[in-house]
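Colleague: I am attaching a structure below and will ask some questions about it afterwards.
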Amino acid sequence: MRRREFVIGIGLTGAALARPLIARAQQAAMPVIGFLGTSSPELYAIRLGVFRDGPKEAGYVEGQNVAIEYRWTRDDVGRLPALTADLVQRRVNVIVAGSGTPGAVAAKAATTTIPIVFAVAVDPIKVGFVESLNRPGGNLTGVTNLNLEIGPKRLEVLHALLPTATDFAVLVDPTGPALAEPFVREVQAAAHSLGLRLHVLNASTERDFDSVFARVLQLKAAAHIIGPSTFFVGRGEQLATLAIRYKVSAIYQYRPFAAAGGLMSYGSDETEYFHLVGIYTGRILKGEKPALLPVEQSTKIELIINLKTAKALGIDVPLSLLGRADEVIE
């Protein structure tokens, strides 16, 4: 073999050997989103669908030029510190605390450098996530919804539907006091101003649900308000099925509850809410700093009434309430 051919051969062989190394380097350079969720991906299907659209709008498509590492608590919030520590060790580019306030707390405790995007119903200033809404100041920013503030409005809607009723029940998850306690306070105050009695019930596992609905009947409560909870997220259809089985008039925050047969839903549009979370995630991947990204608020509120369920329960929905509805399911 001539020397020139030998040198060219070595060069070609070296290039061939280098290709896998280059490919691995490019793969390693792919940005990674760490997503913290409660329950399971099946129960988060709606949220995940709209969330992925956010990075996509910034040019990041899962599996092509961005990876998403999902971590699910499977309803055990005690796992959040370990799951978050794993994402920090993985050196993800951004952590999405899609598991509500507990996830944001765990993420904040785990890192001061990795950007964190939260999705919460609480006041992020009061719980210490940010310095201000306009200039968060640290490594956290995100999106809030109005599902805590509009708790009294849910009671008012039920009272408009059942004006002669005096007893109502409210369901909260006691393992999430940051949401449960202020929600109960606000609804209790509204009940007092309307001259109504409010019975507070607790559920923190699916095993509690049957006894809760049975208790509503025992208390002879006219209707049941299901409060905001990271545990209740994704269980709208299950809660609606139980409400139908026990013939309980109930209201929840998200549309899937009413779509599955629950009487009413009144709260934030979860598709808008998690789309905003996805958009912020994409902007951070593009290089924007969470300290300078103002906290967004999901402001779209929707009232859904299942007229078929109302008729089955023997309830005549007033025209004034039907006129307020964003959707009437017949």
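Ligands are numbered from 1 in the order shown, residues from 1 within each chain, and chains are lettered A, B, ... in the order they appear in the structure tokens.
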Can you tell me, as a list in words, what residues are no more than 6 Å from A:Gln253 when counting only C-alpha atoms, ignoring any on the same chain fewer than 6 positions away?
Modeller: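 Returned residues: Ser265, Tyr266 and Gly267 of chain A.
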Colleague: If we count only C-alpha atoms, what is near stretch 156-169 of chain A at a cut-off of 6 Å, once residues fewer than 4 positions away on the same chain are taken out, given as a PDB file with C-alpha atoms, in the first residue's frame?
Modeller:
```
ATOM      1  CA  LEU A 196     -75.601  28.484  55.777  1.00  0.00           C
ATOM      2  CA  ARG A 197     -74.091  25.564  57.701  1.00  0.00           C
ATOM      3  CA  LEU A 198     -70.938  24.020  56.245  1.00  0.00           C
ATOM      4  CA  HIS A 199     -69.722  20.524  57.094  1.00  0.00           C
ATOM      5  CA  VAL A 200     -66.013  19.866  56.464  1.00  0.00           C
ATOM      6  CA  ALA A 221     -76.265  18.210  53.020  1.00  0.00           C
ATOM      7  CA  ALA A 222     -77.948  19.647  49.950  1.00  0.00           C
ATOM      8  CA  ALA A 223     -74.760  19.694  47.912  1.00  0.00           C
ATOM      9  CA  HIS A 224     -71.054  18.966  48.087  1.00  0.00           C
TER      10      HIS A 224
END
```
Colleague: A:Phe209, A:Thr281, A:Tyr246, A:Pro228: which is nearest A:Gly34, counting only C-alpha atoms?
Modeller: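 Closest to A:Gly34, using only C-alpha atoms: A:Thr281.
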Colleague: As a VMD selection string, which residues of stretch 1-189 of chain A does DSSP assign to alpha helix (DSSP H)?
Modeller: chain A and resid 3 to 29 45 to 57 80 to 89 100 to 110 151 to 161 177 to 189
Colleague: Mind checking which residues fall within 6 Å of stretch 284-296 of chain A, counting only C-alpha atoms, ignoring those fewer than 2 positions away in the same chain, and posting them as number ranges by chain?
Modeller: A: 133-143, 281-282
Colleague: Applying 12 Å and only C-alpha atoms, which residues near A:Leu83 remain after dropping the ones on its own chain fewer than 4 positions away? List them as a ChimeraX atom specification.
Modeller: /A:34-38,69-74,76-79,87-90,95,97,99,103,106-107,110
Colleague: Just asking: which residues within stretch 191-292 of chain A are strand (DSSP E or B) according to DSSP, as a count of residues only?
Modeller: 18
Colleague: Excluding A:Ile304 and its own-chain neighbours fewer than 3 positions away, which residues fall within 6 Å of it when counting only C-alpha atoms? Please give them as a list in words.
Modeller: Met264, Ser265, Ala325, Asp326, Glu327 and Val328 of chain A
Colleague: Using only C-alpha atoms, which protein or nucleic acid residues come within 7 Å of stretch 112-114 of chain A? Drop anything in the same chain fewer than 4 positions from it, and give the result as an MDAnalysis selection string.
Modeller: chainID A and resid 93:94 108 139
Colleague: For the selection just defined, write its residues with all heavy atoms to a file, as an mmCIF file, in the first residue's frame.
Modeller:
```cif
data_model
loop_
_atom_site.group_PDB
_atom_site.id
_atom_site.type_symbol
_atom_site.label_atom_id
_atom_site.label_comp_id
_atom_site.auth_asym_id
_atom_site.auth_seq_id
_atom_site.Cartn_x
_atom_site.Cartn_y
_atom_site.Cartn_z
ATOM 1 N N ASN A 93 -32.140 20.749 32.938
ATOM 2 C CA ASN A 93 -32.028 22.174 32.646
ATOM 3 C C ASN A 93 -33.098 23.003 33.324
ATOM 4 O O ASN A 93 -32.905 24.198 33.588
ATOM 5 C CB ASN A 93 -32.097 22.402 31.129
ATOM 6 C CG ASN A 93 -30.941 21.733 30.408
ATOM 7 O OD1 ASN A 93 -30.982 20.530 30.145
ATOM 8 N ND2 ASN A 93 -29.902 22.488 30.097
ATOM 9 N N VAL A 94 -34.240 22.390 33.585
ATOM 10 C CA VAL A 94 -35.337 23.081 34.264
ATOM 11 C C VAL A 94 -36.211 22.026 34.950
ATOM 12 O O VAL A 94 -36.390 20.926 34.414
ATOM 13 C CB VAL A 94 -36.165 23.944 33.273
ATOM 14 C CG1 VAL A 94 -36.696 23.100 32.127
ATOM 15 C CG2 VAL A 94 -37.318 24.645 33.982
ATOM 16 N N LYS A 108 -37.692 23.751 45.517
ATOM 17 C CA LYS A 108 -37.001 24.929 46.066
ATOM 18 C C LYS A 108 -35.954 24.516 47.102
ATOM 19 O O LYS A 108 -34.867 25.108 47.175
ATOM 20 C CB LYS A 108 -38.012 25.881 46.696
ATOM 21 C CG LYS A 108 -37.414 27.198 47.206
ATOM 22 C CD LYS A 108 -38.509 28.113 47.727
ATOM 23 C CE LYS A 108 -37.928 29.480 48.095
ATOM 24 N NZ LYS A 108 -36.983 29.408 49.223
ATOM 25 N N ASN A 139 -34.651 31.513 41.578
ATOM 26 C CA ASN A 139 -34.666 30.523 40.494
ATOM 27 C C ASN A 139 -36.050 29.920 40.280
ATOM 28 O O ASN A 139 -36.193 28.915 39.597
ATOM 29 C CB ASN A 139 -33.650 29.405 40.766
ATOM 30 C CG ASN A 139 -33.968 28.594 42.007
ATOM 31 O OD1 ASN A 139 -34.349 29.152 43.037
ATOM 32 N ND2 ASN A 139 -33.814 27.276 41.946
#
```
Colleague: Report, in Å with one decimal, the straight-line distance from atom CA of A:Lys308 to atom CA of A:Ala250.
Modeller: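 Spanning atom CA of A:Lys308 to atom CA of A:Ala250 is a straight-line distance of 13.8 Å.
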Colleague: Using only C-alpha atoms, pick whichever of A:Gly261, A:Pro31, A:Pro124, A:Gly151 has the shortest atom-to-atom distance to A:Arg91.
Modeller: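 The shortest atom-to-atom distance to A:Arg91 comes from A:Pro31.
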